[in-house]
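Peer 1: You'll find coords-v2.pdb just under this line, and it carries PDB, C-alpha atoms.
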```pdb
ATOM      1  CA  MET D   1      13.249  43.984 229.848  1.00  0.00           C
ATOM      2  CA  GLN D   2      11.498  40.791 228.971  1.00  0.00           C
ATOM      3  CA  VAL D   3      12.951  37.806 227.242  1.00  0.00           C
ATOM      4  CA  GLN D   4      10.369  35.250 226.136  1.00  0.00           C
ATOM      5  CA  GLY D   5       7.939  36.401 228.816  1.00  0.00           C
ATOM      6  CA  LYS D   6      10.539  36.516 231.586  1.00  0.00           C
ATOM      7  CA  TYR D   7      12.129  39.546 233.182  1.00  0.00           C
ATOM      8  CA  ASP D   8      15.817  39.884 232.286  1.00  0.00           C
ATOM      9  CA  ALA D   9      17.428  41.731 235.214  1.00  0.00           C
ATOM     10  CA  ARG D  10      20.881  41.757 233.606  1.00  0.00           C
ATOM     11  CA  ALA D  11      19.599  43.630 230.549  1.00  0.00           C
ATOM     12  CA  PHE D  12      17.797  46.139 232.773  1.00  0.00           C
ATOM     13  CA  LEU D  13      20.869  46.756 234.929  1.00  0.00           C
ATOM     14  CA  ALA D  14      23.123  47.093 231.904  1.00  0.00           C
ATOM     15  CA  GLU D  15      20.953  49.946 230.689  1.00  0.00           C
ATOM     16  CA  GLN D  16      20.870  51.847 233.977  1.00  0.00           C
ATOM     17  CA  MET D  17      23.654  54.215 234.971  1.00  0.00           C
ATOM     18  CA  THR D  18      26.026  52.704 237.512  1.00  0.00           C
ATOM     19  CA  ARG D  19      26.379  54.025 241.036  1.00  0.00           C
ATOM     20  CA  ALA D  20      29.882  55.266 240.212  1.00  0.00           C
ATOM     21  CA  GLN D  21      28.564  57.118 237.157  1.00  0.00           C
ATOM     22  CA  GLY D  22      25.810  58.676 239.242  1.00  0.00           C
ATOM     23  CA  LEU D  23      28.211  59.913 241.890  1.00  0.00           C
ATOM     24  CA  ARG D  24      30.658  61.281 239.324  1.00  0.00           C
ATOM     25  CA  LEU D  25      27.902  62.960 237.302  1.00  0.00           C
ATOM     26  CA  LYS D  26      26.423  64.568 240.415  1.00  0.00           C
ATOM     27  CA  ARG D  27      29.835  65.944 241.481  1.00  0.00           C
ATOM     28  CA  LEU D  28      30.675  67.226 237.996  1.00  0.00           C
ATOM     29  CA  SER D  29      27.259  68.836 237.506  1.00  0.00           C
ATOM     30  CA  GLU D  30      27.665  70.711 240.785  1.00  0.00           C
ATOM     31  CA  GLU D  31      31.243  71.713 239.940  1.00  0.00           C
ATOM     32  CA  ALA D  32      30.118  73.041 236.545  1.00  0.00           C
ATOM     33  CA  TYR D  33      27.127  74.851 238.116  1.00  0.00           C
ATOM     34  CA  GLN D  34      24.771  72.777 235.967  1.00  0.00           C
ATOM     35  CA  PRO D  35      22.723  70.706 238.444  1.00  0.00           C
ATOM     36  CA  GLY D  36      20.147  69.998 235.741  1.00  0.00           C
ATOM     37  CA  GLN D  37      22.618  67.671 234.014  1.00  0.00           C
ATOM     38  CA  TYR D  38      22.178  65.140 236.834  1.00  0.00           C
ATOM     39  CA  SER D  39      19.182  62.852 236.834  1.00  0.00           C
ATOM     40  CA  ARG D  40      18.717  59.541 238.633  1.00  0.00           C
ATOM     41  CA  ASP D  41      17.001  57.785 235.748  1.00  0.00           C
ATOM     42  CA  LEU D  42      19.668  58.090 233.037  1.00  0.00           C
ATOM     43  CA  SER D  43      20.923  55.195 230.999  1.00  0.00           C
ATOM     44  CA  SER D  44      24.548  54.217 231.288  1.00  0.00           C
ATOM     45  CA  ALA D  45      25.274  55.580 227.816  1.00  0.00           C
ATOM     46  CA  GLU D  46      23.590  58.938 228.496  1.00  0.00           C
ATOM     47  CA  ALA D  47      25.412  59.275 231.821  1.00  0.00           C
ATOM     48  CA  ALA D  48      28.736  58.551 230.123  1.00  0.00           C
ATOM     49  CA  HIS D  49      28.000  61.202 227.494  1.00  0.00           C
ATOM     50  CA  ARG D  50      27.041  63.836 230.065  1.00  0.00           C
ATOM     51  CA  ILE D  51      30.147  63.053 232.128  1.00  0.00           C
ATOM     52  CA  GLN D  52      32.326  63.489 229.042  1.00  0.00           C
ATOM     53  CA  VAL D  53      30.711  66.819 228.151  1.00  0.00           C
ATOM     54  CA  LEU D  54      30.940  68.185 231.690  1.00  0.00           C
ATOM     55  CA  GLU D  55      34.589  67.155 232.003  1.00  0.00           C
ATOM     56  CA  ALA D  56      35.366  68.979 228.749  1.00  0.00           C
ATOM     57  CA  GLU D  57      33.521  72.107 229.905  1.00  0.00           C
ATOM     58  CA  ILE D  58      35.319  72.118 233.255  1.00  0.00           C
ATOM     59  CA  GLU D  59      38.680  71.589 231.583  1.00  0.00           C
ATOM     60  CA  LEU D  60      37.979  74.470 229.207  1.00  0.00           C
ATOM     61  CA  ALA D  61      36.915  76.757 232.065  1.00  0.00           C
ATOM     62  CA  ASN D  62      40.056  75.858 234.027  1.00  0.00           C
ATOM     63  CA  SER D  63      42.272  76.726 231.063  1.00  0.00           C
ATOM     64  CA  PHE D  64      41.507  80.458 231.326  1.00  0.00           C
TER      65      PHE D  64
END
```
Written as structure tokens, how would this file's structure read?

Peer 2:
Amino acid sequence: MQVQGKYDARAFLAEQMTRAQGLRLKRLSEEAYQPGQYSRDLSSAEAAHRIQVLEAEIELANSF
């Protein structure tokens, strides 16, 4: 991100998925047998959405 010609590292980092999100998403995608749901270059919002969806799918599968 650039702000008035300067690179804004805080804005860039806010957009990227956090390390914790990455680790959680990787574990959940493996647990749900959907490794394609994990990608290193996701935004924080997209990672949060995928985590939520995978958690719901796993919970549903465990309810049977």

Peer 1: What's around range 29-31 of chain D at 12 Å? Count only C-alpha atoms, leave out sequence neighbours fewer than 2 positions away in its own chain, and write the answer as a PyMOL selection string.

Peer 2: chain D and resi 21-27+33-39+47+50-59+61-62

Peer 1: So what do you get for CA of Met17 in chain D versus CA of Ser63 in chain D, distance-wise?

Peer 2: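 Separating CA of Met17 in chain D from CA of Ser63 in chain D is a distance of 29.5 Å.
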
Peer 1: What are the centre and the three edge lengths of an axis-aligned box that wraps all atoms of range 34-43 of chain D in the file, given that 8 Å is added to every side, written as JSON and rounded to one decimal in Å?

Peer 2:
```
{"center_x": 20.9, "center_y": 64.0, "center_z": 234.8, "size_x": 23.8, "size_y": 33.6, "size_z": 23.6}
```
